[in-house]
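Engineer: Below is the file structure.tsv, which contains TSV, C-alpha atoms.
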```
chain	number	residue	atom	x	y	z
A	1	MET	CA	107.69	114.35	120.28
A	2	THR	CA	109.42	114.46	123.61
A	3	ASP	CA	111.57	117.35	124.72
A	4	SER	CA	114.93	117.42	122.89
A	5	ARG	CA	116.69	116.93	126.25
A	6	PHE	CA	115.28	113.41	126.19
A	7	THR	CA	116.10	112.62	122.58
A	8	LEU	CA	118.54	109.76	122.31
A	9	ARG	CA	121.64	110.50	120.29
A	10	VAL	CA	122.74	107.83	117.81
A	11	LEU	CA	125.94	107.50	115.81
A	12	SER	CA	125.09	105.08	113.01
A	13	THR	CA	126.65	103.47	110.01
A	14	LEU	CA	125.19	104.64	106.72
A	15	GLY	CA	124.16	101.04	106.12
A	16	LEU	CA	121.33	101.38	108.68
A	17	ARG	CA	120.08	104.81	107.61
A	18	GLY	CA	117.17	103.43	105.63
A	19	VAL	CA	116.16	101.18	108.53
A	20	MET	CA	116.34	104.00	111.07
A	21	THR	CA	114.28	106.28	108.83
A	22	GLU	CA	111.55	103.69	108.26
A	23	ILE	CA	111.48	102.54	111.87
A	24	THR	CA	111.16	106.04	113.34
A	25	PRO	CA	107.35	105.81	113.83
A	26	ILE	CA	107.75	102.47	115.63
A	27	LEU	CA	110.33	103.92	117.99
A	28	THR	CA	108.31	107.09	118.52
A	29	ARG	CA	105.30	105.02	119.59
A	30	ARG	CA	107.55	103.49	122.23
A	31	GLY	CA	108.64	106.92	123.44
A	32	LEU	CA	112.09	106.48	121.92
A	33	ASP	CA	112.80	109.68	120.03
A	34	PHE	CA	116.27	109.85	118.56
A	35	ALA	CA	118.56	112.07	116.52
A	36	ALA	CA	121.08	110.21	114.38
A	37	SER	CA	124.33	111.15	112.69
A	38	TYR	CA	125.22	108.84	109.81
A	39	GLY	CA	128.49	107.93	108.17
A	40	ALA	CA	130.79	105.08	107.28
A	41	THR	CA	132.09	103.26	110.34
A	42	ASN	CA	135.64	104.21	109.37
A	43	ILE	CA	134.64	107.88	109.40
A	44	LEU	CA	132.72	107.72	112.68
A	45	MET	CA	135.45	105.85	114.56
A	46	PRO	CA	137.98	108.74	114.49
A	47	ARG	CA	135.24	111.10	115.66
A	48	ILE	CA	134.58	108.81	118.63
A	49	ALA	CA	138.31	108.48	119.30
A	50	SER	CA	138.56	112.27	119.43
A	51	GLY	CA	135.90	112.41	122.14
A	52	GLU	CA	132.55	112.51	120.35
A	53	THR	CA	129.94	110.43	122.12
A	54	ALA	CA	126.24	109.65	122.01
A	55	ASP	CA	123.82	107.23	123.62
A	56	VAL	CA	123.87	104.46	121.01
A	57	ALA	CA	126.44	103.39	118.45
A	58	ILE	CA	125.41	101.30	115.42
A	59	LEU	CA	128.56	100.26	113.59
A	60	THR	CA	130.26	97.15	112.26
A	61	ASP	CA	130.60	94.35	114.77
A	62	ALA	CA	134.38	94.73	114.79
A	63	ALA	CA	134.09	98.44	115.60
A	64	ILE	CA	131.66	97.83	118.48
A	65	GLU	CA	133.99	95.15	119.84
A	66	ASP	CA	136.95	97.53	119.58
A	67	LEU	CA	135.06	100.35	121.32
A	68	THR	CA	134.05	97.93	124.07
A	69	ASP	CA	137.66	96.87	124.57
A	70	ARG	CA	138.66	100.55	124.77
A	71	GLY	CA	136.00	101.30	127.36
A	72	ALA	CA	133.82	103.54	125.18
A	73	ILE	CA	130.92	101.06	124.92
A	74	ILE	CA	129.37	99.37	127.96
A	75	ASP	CA	130.60	95.79	128.19
A	76	GLY	CA	127.71	93.40	127.58
A	77	SER	CA	125.53	95.99	125.79
A	78	ARG	CA	126.47	94.85	122.27
A	79	ARG	CA	123.76	93.35	120.14
A	80	ASP	CA	124.24	92.11	116.58
A	81	LEU	CA	121.42	93.42	114.42
A	82	ALA	CA	121.83	92.62	110.73
A	83	ARG	CA	124.06	91.13	108.09
A	84	SER	CA	124.69	93.06	104.88
A	85	ALA	CA	125.93	91.97	101.46
A	86	ILE	CA	127.69	94.10	98.86
A	87	GLY	CA	125.47	94.78	95.86
A	88	ILE	CA	125.77	96.14	92.34
A	89	ALA	CA	123.46	98.70	90.76
A	90	VAL	CA	123.00	100.36	87.38
A	91	PRO	CA	120.89	103.37	86.32
A	92	ALA	CA	117.18	102.50	86.23
A	93	GLY	CA	116.25	100.95	82.91
A	94	ALA	CA	119.85	100.41	81.80
A	95	ALA	CA	121.15	97.08	80.55
A	96	ARG	CA	121.58	94.58	83.36
A	97	PRO	CA	124.92	92.80	82.90
A	98	ASN	CA	125.44	89.31	84.26
A	99	VAL	CA	127.34	89.47	87.57
A	100	ARG	CA	126.50	86.03	88.93
A	101	THR	CA	129.93	84.44	88.53
A	102	VAL	CA	133.48	85.68	89.11
A	103	GLU	CA	134.27	85.77	85.40
A	104	ALA	CA	130.96	87.42	84.53
A	105	PHE	CA	131.53	90.07	87.18
A	106	LYS	CA	135.06	90.76	85.90
A	107	GLU	CA	133.77	91.15	82.37
A	108	ALA	CA	130.95	93.43	83.48
A	109	ILE	CA	133.07	95.77	85.62
A	110	LEU	CA	135.76	95.98	82.92
A	111	ALA	CA	133.19	96.64	80.20
A	112	ALA	CA	131.52	99.45	82.19
A	113	ARG	CA	132.59	102.87	80.98
A	114	SER	CA	132.54	104.07	84.59
A	115	SER	CA	131.88	102.79	88.10
A	116	ALA	CA	131.67	104.09	91.65
A	117	PHE	CA	132.46	102.74	95.10
A	118	SER	CA	133.02	104.21	98.55
A	119	ARG	CA	136.39	105.40	99.78
A	120	SER	CA	136.06	104.59	103.50
A	121	GLY	CA	133.07	102.27	103.84
A	122	ALA	CA	133.47	98.54	104.46
A	123	SER	CA	132.16	97.77	100.98
A	124	GLY	CA	134.56	100.17	99.29
A	125	LEU	CA	137.61	98.93	101.17
A	126	HIS	CA	136.69	95.36	100.27
A	127	PHE	CA	136.06	96.27	96.62
A	128	ALA	CA	139.42	98.06	96.34
A	129	ALA	CA	141.19	94.96	97.69
A	130	LEU	CA	139.06	92.72	95.47
A	131	ILE	CA	139.98	94.36	92.18
A	132	GLU	CA	143.64	94.23	93.23
A	133	HIS	CA	143.27	90.50	93.91
A	134	LEU	CA	141.61	89.98	90.52
A	135	GLY	CA	144.37	91.89	88.78
A	136	ILE	CA	142.03	94.47	87.27
A	137	ALA	CA	142.64	97.43	89.59
A	138	PRO	CA	144.43	99.68	87.05
A	139	GLU	CA	141.70	99.30	84.44
A	140	VAL	CA	138.86	99.79	86.94
A	141	MET	CA	140.46	102.72	88.76
A	142	ARG	CA	141.05	104.65	85.53
A	143	LYS	CA	137.26	104.85	85.14
A	144	ALA	CA	136.17	104.87	88.80
A	145	ARG	CA	134.61	107.53	91.00
A	146	VAL	CA	135.63	106.96	94.63
A	147	PHE	CA	134.17	109.06	97.44
A	148	ASP	CA	132.50	108.85	100.83
A	149	GLY	CA	128.73	108.82	100.59
A	150	VAL	CA	125.92	107.00	98.79
A	151	VAL	CA	127.56	106.05	95.51
A	152	GLY	CA	124.28	104.89	93.98
A	153	GLU	CA	123.38	108.55	93.56
A	154	LEU	CA	125.97	108.81	90.78
A	155	ALA	CA	124.33	105.91	88.96
A	156	ALA	CA	120.91	107.50	89.41
A	157	LYS	CA	122.19	110.66	87.72
A	158	GLY	CA	123.80	108.67	84.92
A	159	ASP	CA	127.28	109.77	85.92
A	160	VAL	CA	128.47	106.15	86.22
A	161	GLU	CA	127.29	102.89	84.69
A	162	MET	CA	127.78	100.73	87.79
A	163	ALA	CA	127.73	101.41	91.53
A	164	VAL	CA	129.08	98.98	94.13
A	165	GLN	CA	128.06	99.34	97.78
A	166	GLN	CA	126.16	97.64	100.59
A	167	VAL	CA	122.71	96.64	99.32
A	168	SER	CA	121.09	98.57	102.17
A	169	GLU	CA	122.91	101.73	101.04
A	170	LEU	CA	121.98	101.23	97.40
A	171	LYS	CA	118.35	100.94	98.52
A	172	LEU	CA	118.53	104.53	99.78
A	173	VAL	CA	118.57	105.72	96.15
A	174	ASP	CA	115.69	106.10	93.70
A	175	GLY	CA	116.47	105.84	90.01
A	176	ILE	CA	118.70	102.75	90.07
A	177	ASP	CA	118.22	99.02	89.57
A	178	ILE	CA	120.04	96.67	91.93
A	179	ILE	CA	121.08	93.88	89.59
A	180	GLY	CA	122.57	91.53	92.16
A	181	VAL	CA	125.29	91.01	94.72
A	182	LEU	CA	128.94	90.07	94.39
A	183	PRO	CA	129.42	86.37	93.63
A	184	ASP	CA	129.86	84.22	96.71
A	185	GLU	CA	133.58	83.77	96.05
A	186	LEU	CA	134.06	87.56	96.07
A	187	GLN	CA	131.45	88.55	98.65
A	188	LYS	CA	132.16	89.92	102.09
A	189	LEU	CA	129.25	89.99	104.51
A	190	THR	CA	129.28	92.76	107.10
A	191	VAL	CA	127.53	92.46	110.46
A	192	PHE	CA	126.14	95.67	111.92
A	193	SER	CA	125.91	95.80	115.71
A	194	ALA	CA	124.70	98.24	118.34
A	195	GLY	CA	126.06	99.17	121.74
A	196	ILE	CA	125.52	101.71	124.52
A	197	PHE	CA	128.09	104.42	125.11
A	198	VAL	CA	129.61	104.43	128.59
A	199	ARG	CA	129.01	108.19	128.72
A	200	SER	CA	125.31	107.90	127.82
A	201	ALA	CA	123.11	109.90	130.17
A	202	ARG	CA	120.22	107.49	129.51
A	203	PRO	CA	121.64	103.96	129.27
A	204	ALA	CA	118.33	102.31	130.14
A	205	ALA	CA	116.51	104.12	127.32
A	206	ALA	CA	119.41	103.39	125.00
A	207	GLY	CA	119.00	99.70	125.83
A	208	LEU	CA	115.31	99.91	125.00
A	209	LEU	CA	116.11	101.44	121.62
A	210	ILE	CA	118.54	98.63	120.83
A	211	ALA	CA	115.98	96.04	121.94
A	212	ALA	CA	113.42	97.69	119.65
A	213	LEU	CA	115.84	97.34	116.75
A	214	ALA	CA	115.81	93.59	117.34
A	215	SER	CA	112.00	93.35	117.48
A	216	PRO	CA	109.99	91.43	114.86
A	217	GLU	CA	108.74	94.75	113.43
A	218	ALA	CA	112.29	95.99	113.02
A	219	MET	CA	113.39	92.74	111.45
A	220	GLY	CA	110.72	93.15	108.78
A	221	VAL	CA	112.01	96.65	108.08
A	222	MET	CA	115.56	95.34	107.81
A	223	ARG	CA	114.57	92.74	105.23
A	224	ARG	CA	112.83	95.41	103.15
A	225	GLN	CA	115.97	97.50	103.35
A	226	GLY	CA	118.16	94.72	101.99
A	227	LEU	CA	119.54	93.41	105.28
A	228	GLU	CA	119.39	89.99	106.91
A	229	PRO	CA	118.48	90.20	110.62
A	230	VAL	CA	120.72	88.25	112.96
A	231	GLY	CA	120.30	87.06	116.52
A	232	PRO	CA	121.79	88.50	119.70
A	233	VAL	CA	125.34	87.85	120.81
A	234	GLY	CA	125.53	84.52	122.56
```
Starting from the file, lay out its structure as structure tokens.

Structural biologist:
Amino acid sequence: MTDSRFTLRVLSTLGLRGVMTEITPILTRRGLDFAASYGATNILMPRIASGETADVAILTDAAIEDLTDRGAIIDGSRRDLARSAIGIAVPAGAARPNVRTVEAFKEAILAARSSAFSRSGASGLHFAALIEHLGIAPEVMRKARVFDGVVGELAAKGDVEMAVQQVSELKLVDGIDIIGVLPDELQKLTVFSAGIFVRSARPAAAGLLIAALASPEAMGVMRRQGLEPVGPVG
């Protein structure tokens, strides 16, 4: 481990936490030690707006683009890393309802005695709008647990029957079964991207870390963590 003065600081979406944890040995072998702070993009953005900075940001593509436009991220440093789908999980061993079609999903979420989704994450914001669009928001919300964090943990403890979140975030939790993803008509894919902070003291090393996240080894990790690797910005 290098001296902490040379540890890269990373502000990362929760959706990449599993990837960053698994890839740590790969990065360490390349001399790229890092310390990461994780949270939903919509929680990290106000922290950045208030002056918090780091070396690397890993957020939604829209957030990285916005930070670049505002001069917080170095123009041209953005790299798209992975695409994420919203998944559905139940407690391990529980009945696995059909969620493959719009009608099946509606029936399953209405039949569940309880459900959970994130308050500020991209998946939670989409899900809240989705149940409004489907006309089932009042029924779902009466039984829902909504908070910022890994909602699959509630399913693992048996506190809720269904958890809805990015697949990569559900994969952080033991004790649940991921039964599928939202039907195509209801799905919203999120692209996670990385960029270098303008105020980074080590922009070259930060660039190496981002390049490592796009390496074949990293792509294999992403697939195991429920993400689909994507190519660089054209």

Engineer: Have a look at CA of Val19 (chain A) and CA of Ile86 (chain A) and let me know their distance in Å, one decimal.

Structural biologist: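 Taking CA of Val19 (chain A) as the start and CA of Ile86 (chain A) as the end point, the length is 16.6 Å.
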
Engineer: Place a sphere of radius 8 Å on (133.2, 103.2, 110.5) in the file coordinates and name every protein, DNA or RNA residue with an atom inside or on its surface, counting all atoms listed in the file; give the answer as a list in words.

Structural biologist: Thr13, Gly39, Ala40, Thr41, Asn42, Ile43, Leu44, Met45, Leu59, Thr60, Ala63, Ser120, Gly121 and Ala122 of chain A

Engineer: Between CA of Ala218 (chain A) and CA of Asp177 (chain A), what is the distance, to one decimal in Å?

Structural biologist: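 Between CA of Ala218 (chain A) and CA of Asp177 (chain A) the gap works out to 24.4 Å.
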
Engineer: Could you name the residues that touch Gln225 (chain A) at 10 Å or less, counting all atoms listed in the file, but leaving out those on the same chain fewer than 4 positions away, as a PyMOL selection string?

Structural biologist: chain A and resi 15-19+22+84+167-172+219-221

Engineer: Measuring atom to atom with all atoms listed in the file, identify which of A:Ala104, A:Ala89, A:Ala36, A:Leu110 is nearest to Ala137 (chain A).

Structural biologist: A:Leu110

Engineer: Taking only residues of region 137-209 of chain A that have an atom at most 9 Å from an atom of region 111-114 of chain A, what is each one's shortest atom pair and its distance in Å to one decimal, using all atoms listed in the file, in chain and number order, as a Markdown table?

Structural biologist:
```
| residue | atom | partner | partner_atom | distance |
| --- | --- | --- | --- | --- |
| A:Val140 | CA | A:Ser114 | CA | 8.0 |
| A:Arg142 | CA | A:Ser114 | CA | 8.6 |
| A:Lys143 | CA | A:Ser114 | CA | 4.8 |
| A:Ala144 | CA | A:Ser114 | CA | 5.6 |
| A:Arg145 | CA | A:Ser114 | CA | 7.6 |
| A:Asp159 | CA | A:Ser114 | CA | 7.9 |
| A:Val160 | CA | A:Ser114 | CA | 4.9 |
| A:Glu161 | CA | A:Ser114 | CA | 5.4 |
| A:Met162 | CA | A:Ser114 | CA | 6.6 |
| A:Ala163 | CA | A:Ser114 | CA | 8.9 |
```

Engineer: Put region 89-112 of chain A into a file with N, CA, C and O atoms, as a short mmCIF file (atom, residue, chain, number, x, y, z; two decimals), in the first residue's frame.

Structural biologist:
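Writing the result to decode_31.cif gives the following:
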```cif
data_model
loop_
_atom_site.label_atom_id
_atom_site.label_comp_id
_atom_site.auth_asym_id
_atom_site.auth_seq_id
_atom_site.Cartn_x
_atom_site.Cartn_y
_atom_site.Cartn_z
N ALA A 89 -35.82 -8.04 -6.57
CA ALA A 89 -35.34 -9.12 -5.73
C ALA A 89 -36.36 -9.46 -4.65
O ALA A 89 -37.19 -8.62 -4.27
N VAL A 90 -36.28 -10.70 -4.17
CA VAL A 90 -37.12 -11.17 -3.07
C VAL A 90 -36.20 -11.84 -2.05
O VAL A 90 -35.04 -12.15 -2.36
N PRO A 91 -36.66 -12.08 -0.83
CA PRO A 91 -35.83 -12.80 0.14
C PRO A 91 -35.42 -14.17 -0.42
O PRO A 91 -36.19 -14.81 -1.15
N ALA A 92 -34.23 -14.60 -0.11
CA ALA A 92 -33.72 -15.88 -0.61
C ALA A 92 -34.69 -17.01 -0.26
O ALA A 92 -35.12 -17.13 0.89
N GLY A 93 -35.03 -17.81 -1.25
CA GLY A 93 -35.91 -18.94 -1.04
C GLY A 93 -37.39 -18.62 -1.09
O GLY A 93 -38.21 -19.54 -1.06
N ALA A 94 -37.74 -17.34 -1.18
CA ALA A 94 -39.15 -16.96 -1.24
C ALA A 94 -39.72 -17.27 -2.62
O ALA A 94 -38.99 -17.53 -3.57
N ALA A 95 -41.04 -17.24 -2.71
CA ALA A 95 -41.69 -17.43 -4.01
C ALA A 95 -41.18 -16.38 -4.99
O ALA A 95 -40.92 -15.23 -4.62
N ARG A 96 -41.05 -16.80 -6.24
CA ARG A 96 -40.50 -15.92 -7.27
C ARG A 96 -41.62 -15.53 -8.24
O ARG A 96 -41.89 -16.25 -9.20
N PRO A 97 -42.29 -14.40 -7.99
CA PRO A 97 -43.40 -14.02 -8.86
C PRO A 97 -42.93 -13.70 -10.28
O PRO A 97 -41.78 -13.32 -10.50
N ASN A 98 -43.84 -13.86 -11.22
CA ASN A 98 -43.56 -13.52 -12.61
C ASN A 98 -43.52 -12.00 -12.75
O ASN A 98 -44.46 -11.31 -12.37
N VAL A 99 -42.43 -11.46 -13.29
CA VAL A 99 -42.32 -10.02 -13.52
C VAL A 99 -41.92 -9.73 -14.96
O VAL A 99 -41.44 -8.65 -15.27
N ARG A 100 -42.15 -10.69 -15.85
CA ARG A 100 -41.60 -10.57 -17.20
C ARG A 100 -42.40 -9.64 -18.10
O ARG A 100 -41.88 -9.16 -19.10
N THR A 101 -43.67 -9.41 -17.81
CA THR A 101 -44.48 -8.51 -18.63
C THR A 101 -44.99 -7.37 -17.76
O THR A 101 -44.94 -7.43 -16.52
N VAL A 102 -45.52 -6.33 -18.41
CA VAL A 102 -46.03 -5.18 -17.67
C VAL A 102 -47.16 -5.61 -16.74
O VAL A 102 -47.18 -5.26 -15.56
N GLU A 103 -48.11 -6.39 -17.26
CA GLU A 103 -49.23 -6.81 -16.43
C GLU A 103 -48.79 -7.73 -15.30
O GLU A 103 -49.28 -7.63 -14.18
N ALA A 104 -47.85 -8.62 -15.60
CA ALA A 104 -47.35 -9.52 -14.55
C ALA A 104 -46.64 -8.74 -13.47
O ALA A 104 -46.81 -9.02 -12.26
N PHE A 105 -45.85 -7.74 -13.87
CA PHE A 105 -45.16 -6.92 -12.88
C PHE A 105 -46.16 -6.17 -12.01
O PHE A 105 -46.02 -6.11 -10.78
N LYS A 106 -47.18 -5.57 -12.63
CA LYS A 106 -48.19 -4.85 -11.86
C LYS A 106 -48.86 -5.77 -10.84
O LYS A 106 -49.04 -5.40 -9.67
N GLU A 107 -49.21 -6.95 -11.27
CA GLU A 107 -49.86 -7.90 -10.36
C GLU A 107 -48.93 -8.27 -9.21
O GLU A 107 -49.35 -8.35 -8.05
N ALA A 108 -47.65 -8.48 -9.54
CA ALA A 108 -46.69 -8.90 -8.51
C ALA A 108 -46.46 -7.80 -7.48
O ALA A 108 -46.45 -8.06 -6.27
N ILE A 109 -46.26 -6.57 -7.94
CA ILE A 109 -45.95 -5.49 -6.99
C ILE A 109 -47.18 -5.15 -6.16
O ILE A 109 -47.06 -4.78 -4.98
N LEU A 110 -48.38 -5.28 -6.73
CA LEU A 110 -49.60 -5.01 -5.97
C LEU A 110 -49.89 -6.14 -4.98
O LEU A 110 -50.43 -5.89 -3.89
N ALA A 111 -49.52 -7.36 -5.35
CA ALA A 111 -49.77 -8.50 -4.46
C ALA A 111 -48.78 -8.55 -3.30
O ALA A 111 -49.08 -9.12 -2.24
N ALA A 112 -47.61 -7.96 -3.48
CA ALA A 112 -46.60 -7.98 -2.40
C ALA A 112 -47.12 -7.23 -1.17
O ALA A 112 -47.67 -6.14 -1.29
#
```
